[in-house]
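Engineer: Quick one: the structure is below, and I'll ask about it shortly.
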Number of protein chains: 2
Amino acid sequence: MVRPTIADIAIRAGVSKGAVSFALNGRPGVSDATRERILKIAEQMSWRPHSAARALGASRVDSVGMVIARPARTLGVEPFFAHLLSGVQSGLSAESISLQLLIVEDTATEIEVYRRWASEHRVDGVILVDLTVKDPRIDELKALELPAVVIGGRGGKGALASVWADDRDAMLSIVEYLAALGHRRIAHVAGTPLFQHTVRRIRAVRDAAPRLGLVDAPSLTTDFSDAEGAATTRKLLSQANRPTAIVYDSDVMAVAGLGVAMEMGVSVPGDLSIVAFDDSILTQLMHPALTALSRDTFEFGRQAAEVLLEVIADPAQTINRRTADPVLTVRESTAPPPRQVG
Amino acid sequence: MVRPTIADIAIRAGVSKGAVSFALNGRPGVSDATRERILKIAEQMSWRPHSAARALGASRVDSVGMVIARPARTLGVEPFFAHLLSGVQSGLSAESISLQLLIVEDTATEIEVYRRWASEHRVDGVILVDLTVKDPRIDELKALELPAVVIGGRGGKGALASVWADDRDAMLSIVEYLAALGHRRIAHVAGTPLFQHTVRRIRAVRDAAPRLGLVDAPSLTTDFSDAEGAATTRKLLSQANRPTAIVYDSDVMAVAGLGVAMEMGVSVPGDLSIVAFDDSILTQLMHPALTALSRDTFEFGRQAAEVLLEVIADPAQTINRRTADPVLTVRESTAPPPRQVG
DNA sequence: TGGGTTTGATAAACCGGTATAGCTCCTGCA
DNA sequence: TGCAGGAGCTATACCGGTTTATCAAACCCA
């Protein structure tokens, strides 16, 4: 016997297919004795449900999707996604739901994928990352009636479910820490302003500046690449009144910035303090090791999976779950500013 | 009309379900005129096949799986997987086959996943990575009769299909380059000897040593972590006759090694040359930028997908495809050894 | 002109589950 | 004693495709 079906089990147990289905799904309709017997036989025959058959009958596929729209080149350096993925899977595995992952080049393709997934019934729901300002995916997913949860963007009313951490508070904690050390010229090398979280971080710096007495607190946007991170750093350090501290929106850019500082003979942390808004092994491999904001990305993913399953179970509700706040891990790249402040 | 089924199309076209199925799958049984008409109607109604229904009828799910058994912590720093994934997807997308990705902690769990996938008919085949010596997954997959392709391990007879690059030649090219620069003490900080590719690389170094007149060419194994990479480097550099060049089996370890060298006051490349057996943005971010072996990982993945699809189409055949050889990208971390050789 | 083959199509079975209507007993209660 | 009601189970339709057996009409060639 190759792979047993419930019909095989039914024959062995001397009952009907229906009874077997009831027993295996823990629903009423069979006596405890019969259920016990059927379960034992199913176990013996090492029966497992045929996913397609179940999907067809029950109109759910026990599978969720996740599309990452970034050029592959910039991916993978950041442990962010690997951790997020593991977290998502850990959240899904409890219900033994599988994950479809797709890496695409742009948002247009991403939306295409959602359409295809919806029309082919390939997933029960999706997880969104990298929420942008006026994100076109939101409306699309609503139109497709595909359950979804957004990672990292707290939605307003009528929005999709979401799981988010407080970027604003996190950025404030960094700037406040630097200000407490005595820094007054703090620069912010940001990511792309298309992303909502970038906007929130920039706003946080801007709002905190007067209160903390910062002389200058520019936020310069980049495309998140090491190249632009380096170029922006070079520009900042070439200024007459150069900053005494720089906050980078990613670990990769921070590392690139550190390289530029060394190349220009600017000592870290003596002349310049560096903070990365995102932690990883990268920041720890450096000399000096970088002070960085650590987020529990795994937990982030786990919660996203949980929320998605809830939304799939009851699409009517909108859940907005806030996760643990990130914490600043202070290492060797931050110190009080040099005395001879320009 | 929510989602049209072939029955809807059949009605609109005034034909039977079977005819529609034939037409949509490009198989004989309908006239060209009818086929044309059916296709147009399907297009108009924007019909897409219901994946579960198709899977149930045709007993193939148009989905392949890939399990990565590594602790999430060590994943993601290496762009290797991100590139590999993109490549695999690009190879699959042509046939619009989807990919199930799973990150697990160990091989035992990985095998569990294969069993589940096989019994639930969730995938048509799988892609294996990180082949080990006497890999238990091979026999398991054969027993499950699950089509598979191994990435990076060329199998012997009776083995699974595979896609591989020549690790031996690659390692030789590195060692020969260093020898040509004048190095005679070359150390090799290897990965874990459990992996087949590690073994092949170690063997390559050992075999080349006499021919190239190397005085000493130890291969020291590690667990691929930055910690062990650093520790091993520290040990090597503390020796009386320390090596003038070190080859690292991964970019992360090479970066960690560079850190140790700097910390110990050993100048790179003045006193020590460093080569990474694997390229990434990491190696380019360093100062000095690291000489590294570049592999076309994307292409690697693409070919793996291609081969897997062929194996799925005809499970009888065993394909062993060799991909393009890696090339050495020389950067700033390699130079002739110092004069005062111990 | 007639028998055999090919072409174009249909109806129905089938894949392996789930959902539901309905049947048979058994129990409880008036 | 009779009947309502529920527990336990069966039979069957159904999900949306694919596949096969069957068949009528057209076509072919002697």
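How things are named: the first chain in the structure tokens is A, the next is B, and so on; residues count from 1 in each chain; ligands count from 1 in the order shown.
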Which residues of chain B come within 6 Å of chain C, and what is each one's closest atom pair and distance in Å (one decimal), counting only C-alpha atoms (C1' of nucleotides), sorted by chain and residue number, as CSV?

Structural biologist:
residue,atom,partner,partner_atom,distance
B:Val30,CA,C:DG8,C1',5.5
B:Leu56,CA,C:DC15,C1',5.1
B:Gly57,CA,C:DC15,C1',5.0

Engineer: Next, the residues of the selection above should be written as a tab-separated table (two decimals), in the first residue's frame with all heavy atoms.

Structural biologist:
chain	number	residue	atom	x	y	z
B	30	VAL	N	-9.42	18.86	-29.22
B	30	VAL	CA	-10.33	19.90	-29.68
B	30	VAL	C	-9.75	20.51	-30.97
B	30	VAL	O	-8.56	20.48	-31.19
B	30	VAL	CB	-10.50	21.04	-28.65
B	30	VAL	CG1	-11.36	20.59	-27.49
B	30	VAL	CG2	-9.15	21.53	-28.15
B	56	LEU	N	-4.96	17.75	-7.19
B	56	LEU	CA	-5.69	16.52	-6.89
B	56	LEU	C	-5.88	15.67	-8.14
B	56	LEU	O	-5.65	14.47	-8.12
B	56	LEU	CB	-7.06	16.89	-6.29
B	56	LEU	CG	-7.81	15.76	-5.60
B	56	LEU	CD1	-6.92	15.14	-4.54
B	56	LEU	CD2	-9.07	16.30	-4.98
B	57	GLY	N	-6.24	16.33	-9.20
B	57	GLY	CA	-6.49	15.58	-10.43
B	57	GLY	C	-5.22	15.09	-11.09
B	57	GLY	O	-5.11	13.93	-11.48

Engineer: Near stretch 2-11 of chain D, counting only C-alpha atoms (C1' of nucleotides), which residues have an atom at most 8 Å away, once you skip same-chain residues fewer than 6 positions from it, shown as a list in words?

Structural biologist: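 Those residues are Ser16, Gly18, Ala19, Gly29, Val30 and Ser31 of chain A; DC23 of chain C.
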
Engineer: Given only C-alpha atoms (C1' of nucleotides), how would the per-residue table for chain A near chain D read, listing every residue at most 12 Å away with its closest atom pair and distance in Å to one decimal, sorted by chain and number, as a tab-separated table?

Structural biologist:
residue	atom	partner	partner_atom	distance
A:Ala10	CA	D:DT10	C1'	11.7
A:Gly14	CA	D:DC9	C1'	11.2
A:Val15	CA	D:DC9	C1'	8.0
A:Ser16	CA	D:DT10	C1'	6.3
A:Lys17	CA	D:DT10	C1'	8.9
A:Gly18	CA	D:DT10	C1'	7.9
A:Ala19	CA	D:DC9	C1'	6.9
A:Val20	CA	D:DC9	C1'	10.5
A:Phe22	CA	D:DC9	C1'	10.6
A:Ala23	CA	D:DC9	C1'	11.7
A:Pro28	CA	D:DG8	C1'	9.4
A:Gly29	CA	D:DG8	C1'	6.2
A:Val30	CA	D:DG8	C1'	5.6
A:Ser31	CA	D:DG8	C1'	6.5
A:Asp32	CA	D:DG8	C1'	10.3
A:Ala33	CA	D:DG8	C1'	11.1
A:Thr34	CA	D:DG8	C1'	9.6
A:Arg35	CA	D:DG8	C1'	11.1
A:Ala52	CA	D:DC15	C1'	10.6
A:Ala53	CA	D:DC15	C1'	8.7
A:Arg54	CA	D:DC15	C1'	9.5
A:Ala55	CA	D:DC15	C1'	8.7
A:Leu56	CA	D:DC15	C1'	5.1
A:Gly57	CA	D:DC15	C1'	5.0
A:Ala58	CA	D:DC15	C1'	8.0
A:Ser59	CA	D:DC15	C1'	7.9
A:Arg60	CA	D:DC15	C1'	11.3
A:Glu120	CA	D:DG16	C1'	11.2
A:His121	CA	D:DG16	C1'	11.5

Engineer: As a ChimeraX atom specification, please: every residue in stretch 70-239 of chain B that DSSP puts in alpha helix (DSSP H).

Structural biologist: /B:79-93,107-120,136-144,167-181,196-212,226-238

Engineer: For chain A, which of B:His287, B:Arg322, B:Arg27, B:Arg137 is the closest residue, counting only C-alpha atoms?

Structural biologist: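 With only C-alpha atoms as the atom set, the closest residue is B:His287.
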
Engineer: So that I can check the surroundings of B:Val266, please list as number ranges by chain every protein, DNA and RNA residue that reaches within 9 Å of it, counting only C-alpha atoms (C1' of nucleotides) and ignoring chain neighbours fewer than 6 positions away.

Structural biologist: B: 237, 260, 272

Engineer: Enumerate as a compact mmCIF listing (two decimals) with N, CA and C atoms, in the first residue's frame the residues belonging to chain B that approach chain A to within 7 Å, with only C-alpha atoms taken into account.

Structural biologist:
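selection_24.txt was written with the following content:
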# COMPACT_ATOMS: atom_id res chain seq x y z
N ARG B 48 -8.13 31.36 -13.74
CA ARG B 48 -6.85 30.78 -13.37
C ARG B 48 -7.15 29.44 -12.73
N PRO B 49 -6.32 28.46 -12.96
CA PRO B 49 -6.60 27.14 -12.39
C PRO B 49 -6.56 27.18 -10.86
N HIS B 50 -7.40 26.42 -10.24
CA HIS B 50 -7.39 26.27 -8.79
C HIS B 50 -6.31 25.26 -8.48
N SER B 51 -5.27 25.73 -7.77
CA SER B 51 -4.09 24.88 -7.61
C SER B 51 -4.42 23.55 -6.94
N ALA B 52 -5.29 23.59 -5.94
CA ALA B 52 -5.60 22.35 -5.23
C ALA B 52 -6.33 21.36 -6.14
N ALA B 53 -7.26 21.89 -6.90
CA ALA B 53 -8.03 21.02 -7.80
C ALA B 53 -7.10 20.37 -8.81
N ALA B 55 -3.92 19.93 -8.50
CA ALA B 55 -3.02 19.01 -7.80
C ALA B 55 -3.70 17.67 -7.56
N LEU B 56 -4.96 17.75 -7.19
CA LEU B 56 -5.69 16.52 -6.89
C LEU B 56 -5.88 15.67 -8.14
N ALA B 72 19.29 29.80 12.76
CA ALA B 72 18.97 31.08 12.11
C ALA B 72 20.04 32.12 12.41
N LEU B 75 22.64 32.22 9.87
CA LEU B 75 22.14 32.42 8.52
C LEU B 75 22.05 33.92 8.23
N GLY B 76 21.87 34.23 6.99
CA GLY B 76 21.50 35.60 6.67
C GLY B 76 22.66 36.55 6.58
N VAL B 77 23.70 36.32 7.37
CA VAL B 77 24.85 37.17 7.17
C VAL B 77 25.41 36.88 5.81
N GLU B 78 25.27 35.65 5.43
CA GLU B 78 25.84 35.27 4.15
C GLU B 78 24.83 35.49 3.04
N PRO B 79 25.19 36.30 2.11
CA PRO B 79 24.30 36.56 0.99
C PRO B 79 24.11 35.29 0.17
N ALA B 82 20.52 34.09 0.01
CA ALA B 82 19.62 35.01 -0.68
C ALA B 82 19.80 34.91 -2.19
N HIS B 83 21.05 34.85 -2.60
CA HIS B 83 21.31 34.75 -4.04
C HIS B 83 20.86 33.41 -4.60
N SER B 86 17.09 33.41 -4.95
CA SER B 86 16.65 34.18 -6.12
C SER B 86 16.88 33.38 -7.38
N LEU B 99 7.83 27.95 -4.61
CA LEU B 99 8.86 27.40 -3.74
C LEU B 99 8.44 27.47 -2.28
N GLN B 100 8.59 26.35 -1.60
CA GLN B 100 8.34 26.34 -0.16
C GLN B 100 9.69 26.36 0.53
N LEU B 101 9.89 27.34 1.37
CA LEU B 101 11.17 27.44 2.06
C LEU B 101 10.99 27.17 3.53
N ILE B 103 13.33 26.95 7.22
CA ILE B 103 14.59 27.01 7.94
C ILE B 103 14.42 26.22 9.23
N SER B 119 4.30 12.82 2.37
CA SER B 119 3.03 12.16 2.67
C SER B 119 1.84 13.09 2.46
N GLU B 120 2.08 14.37 2.58
CA GLU B 120 0.97 15.30 2.35
C GLU B 120 0.93 15.79 0.91
N HIS B 121 1.85 15.29 0.10
CA HIS B 121 1.90 15.69 -1.31
C HIS B 121 2.05 17.19 -1.46
N ARG B 122 2.87 17.78 -0.65
CA ARG B 122 2.96 19.24 -0.69
C ARG B 122 3.96 19.75 -1.72
N ALA B 256 36.32 38.16 10.38
CA ALA B 256 36.70 37.98 11.78
C ALA B 256 38.22 37.85 11.90
N GLY B 259 39.93 41.11 11.62
CA GLY B 259 39.82 41.84 12.88
C GLY B 259 40.90 41.42 13.86
N LEU B 285 33.32 45.64 2.00
CA LEU B 285 33.14 46.71 2.97
C LEU B 285 34.40 46.91 3.81
N MET B 286 35.25 45.89 3.86
CA MET B 286 36.40 45.93 4.75
C MET B 286 37.50 46.86 4.24
N HIS B 287 38.35 47.21 5.15
CA HIS B 287 39.57 47.95 4.80
C HIS B 287 40.74 47.20 5.40

Engineer: Write out as an NGL selection string the residues lying within 8 Å of stretch 311-313 of chain B, counting only C-alpha atoms (C1' of nucleotides) and excluding same-chain residues fewer than 2 positions away.

Structural biologist: :B and (124-125 or 147-149 or 161 or 307-309 or 315-319)

Engineer: Save the residues we just selected, all heavy atoms, as a CSV table (one decimal), in the first residue's frame?

Structural biologist:
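File produced: part-v4.csv:
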chain,number,residue,atom,x,y,z
B,124,ASP,N,6.6,18.7,-5.3
B,124,ASP,CA,6.9,17.7,-6.3
B,124,ASP,C,8.3,17.2,-6.2
B,124,ASP,O,8.7,16.2,-6.8
B,124,ASP,CB,6.7,18.3,-7.7
B,124,ASP,CG,5.2,18.6,-7.9
B,124,ASP,OD1,4.4,17.8,-7.5
B,124,ASP,OD2,4.9,19.7,-8.5
B,125,GLY,N,9.2,18.0,-5.5
B,125,GLY,CA,10.6,17.7,-5.4
B,125,GLY,C,11.2,18.6,-4.5
B,125,GLY,O,10.6,19.6,-4.0
B,147,PRO,N,11.6,13.3,-5.8
B,147,PRO,CA,12.7,13.8,-6.7
B,147,PRO,C,13.5,14.9,-6.0
B,147,PRO,O,12.9,15.7,-5.2
B,147,PRO,CB,11.9,14.4,-7.9
B,147,PRO,CG,10.6,13.6,-7.9
B,147,PRO,CD,10.3,13.3,-6.4
B,148,ALA,N,14.8,14.8,-6.2
B,148,ALA,CA,15.6,15.8,-5.5
B,148,ALA,C,16.9,16.1,-6.3
B,148,ALA,O,17.3,15.4,-7.2
B,148,ALA,CB,16.0,15.2,-4.2
B,149,VAL,N,17.4,17.3,-6.0
B,149,VAL,CA,18.7,17.7,-6.6
B,149,VAL,C,19.5,18.2,-5.5
B,149,VAL,O,19.1,19.0,-4.7
B,149,VAL,CB,18.5,18.7,-7.8
B,149,VAL,CG1,17.7,19.9,-7.3
B,149,VAL,CG2,19.8,19.1,-8.3
B,161,ALA,N,20.4,13.5,-8.3
B,161,ALA,CA,20.9,14.5,-9.3
B,161,ALA,C,21.6,15.6,-8.6
B,161,ALA,O,21.4,15.8,-7.4
B,161,ALA,CB,19.7,15.0,-10.1
B,307,VAL,N,17.4,21.6,-13.3
B,307,VAL,CA,17.7,20.2,-13.1
B,307,VAL,C,16.6,19.5,-12.4
B,307,VAL,O,16.1,18.4,-12.8
B,307,VAL,CB,19.1,19.9,-12.5
B,307,VAL,CG1,19.2,18.5,-12.1
B,307,VAL,CG2,20.2,20.4,-13.3
B,308,LEU,N,16.1,20.1,-11.3
B,308,LEU,CA,15.0,19.5,-10.5
B,308,LEU,C,13.8,19.3,-11.4
B,308,LEU,O,13.2,18.3,-11.3
B,308,LEU,CB,14.7,20.4,-9.3
B,308,LEU,CG,13.6,19.8,-8.4
B,308,LEU,CD1,13.9,18.4,-7.9
B,308,LEU,CD2,13.3,20.7,-7.2
B,309,LEU,N,13.5,20.3,-12.2
B,309,LEU,CA,12.3,20.2,-13.0
B,309,LEU,C,12.4,19.0,-14.0
B,309,LEU,O,11.5,18.3,-14.3
B,309,LEU,CB,12.0,21.5,-13.8
B,309,LEU,CG,11.6,22.6,-12.9
B,309,LEU,CD1,11.2,23.9,-13.7
B,309,LEU,CD2,10.5,22.2,-12.0
B,315,PRO,N,11.8,11.0,-13.4
B,315,PRO,CA,12.6,10.6,-12.2
B,315,PRO,C,13.6,9.5,-12.5
B,315,PRO,O,14.5,9.3,-11.6
B,315,PRO,CB,11.5,10.1,-11.3
B,315,PRO,CG,10.2,10.6,-11.8
B,315,PRO,CD,10.4,10.7,-13.3
B,316,ALA,N,13.5,8.9,-13.6
B,316,ALA,CA,14.5,7.8,-13.8
B,316,ALA,C,15.9,8.3,-14.0
B,316,ALA,O,16.9,7.7,-13.6
B,316,ALA,CB,14.0,7.0,-15.1
B,317,GLN,N,16.0,9.4,-14.7
B,317,GLN,CA,17.4,9.9,-15.0
B,317,GLN,C,18.1,10.5,-13.8
B,317,GLN,O,17.5,11.0,-12.9
B,317,GLN,CB,17.2,11.0,-16.1
B,317,GLN,CG,16.4,12.2,-15.7
B,317,GLN,CD,16.1,13.1,-16.8
B,317,GLN,OE1,17.0,13.3,-17.7
B,317,GLN,NE2,15.0,13.7,-16.8
B,318,THR,N,19.4,10.5,-13.9
B,318,THR,CA,20.2,11.2,-12.9
B,318,THR,C,21.1,12.2,-13.6
B,318,THR,O,22.0,11.8,-14.5
B,318,THR,CB,21.1,10.1,-12.2
B,318,THR,OG1,20.3,9.2,-11.5
B,318,THR,CG2,22.0,10.9,-11.1
B,319,ILE,N,20.9,13.4,-13.3
B,319,ILE,CA,21.7,14.5,-14.0
B,319,ILE,C,22.8,15.0,-13.0
B,319,ILE,O,22.5,15.2,-11.9
B,319,ILE,CB,20.7,15.6,-14.4
B,319,ILE,CG1,19.6,15.1,-15.2
B,319,ILE,CG2,21.5,16.7,-15.1
B,319,ILE,CD1,18.5,16.1,-15.4

Engineer: At a cut-off of 8 Å, using only C-alpha atoms (C1' of nucleotides), what residues contact stretch 327-337 of chain A? Leave out same-chain residues fewer than 2 positions from it and give the result as a ChimeraX atom specification.

Structural biologist: /A:170,173-174,178,181-183,244-245,268-275,288-295,325,339,341

Engineer: Mind pulling up the distance from atom CA of A:Leu194 to atom CA of A:Thr222?

Structural biologist: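 Atom CA of A:Leu194 lies 10.4 Å from atom CA of A:Thr222.
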
Engineer: Rounded to one decimal place, report the atom CA of A:Val150-atom CA of A:His188 distance in Å.

Structural biologist: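 Straight-line distance from atom CA of A:Val150 to atom CA of A:His188 works out to 25.8 Å.
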
Engineer: Could you work out how far atom CA of B:Val88 lies from atom CA of B:Glu299, giving the answer in Å with one decimal?

Structural biologist: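 A separation of 8.3 Å between them.
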
Engineer: Running DSSP on the backbone, which parts of stretch 4-211 of chain A land in strand (DSSP E or B), as a ChimeraX atom specification?

Structural biologist: /A:63-69,98-104,125-128,132,148-151,161-164,185-190,195
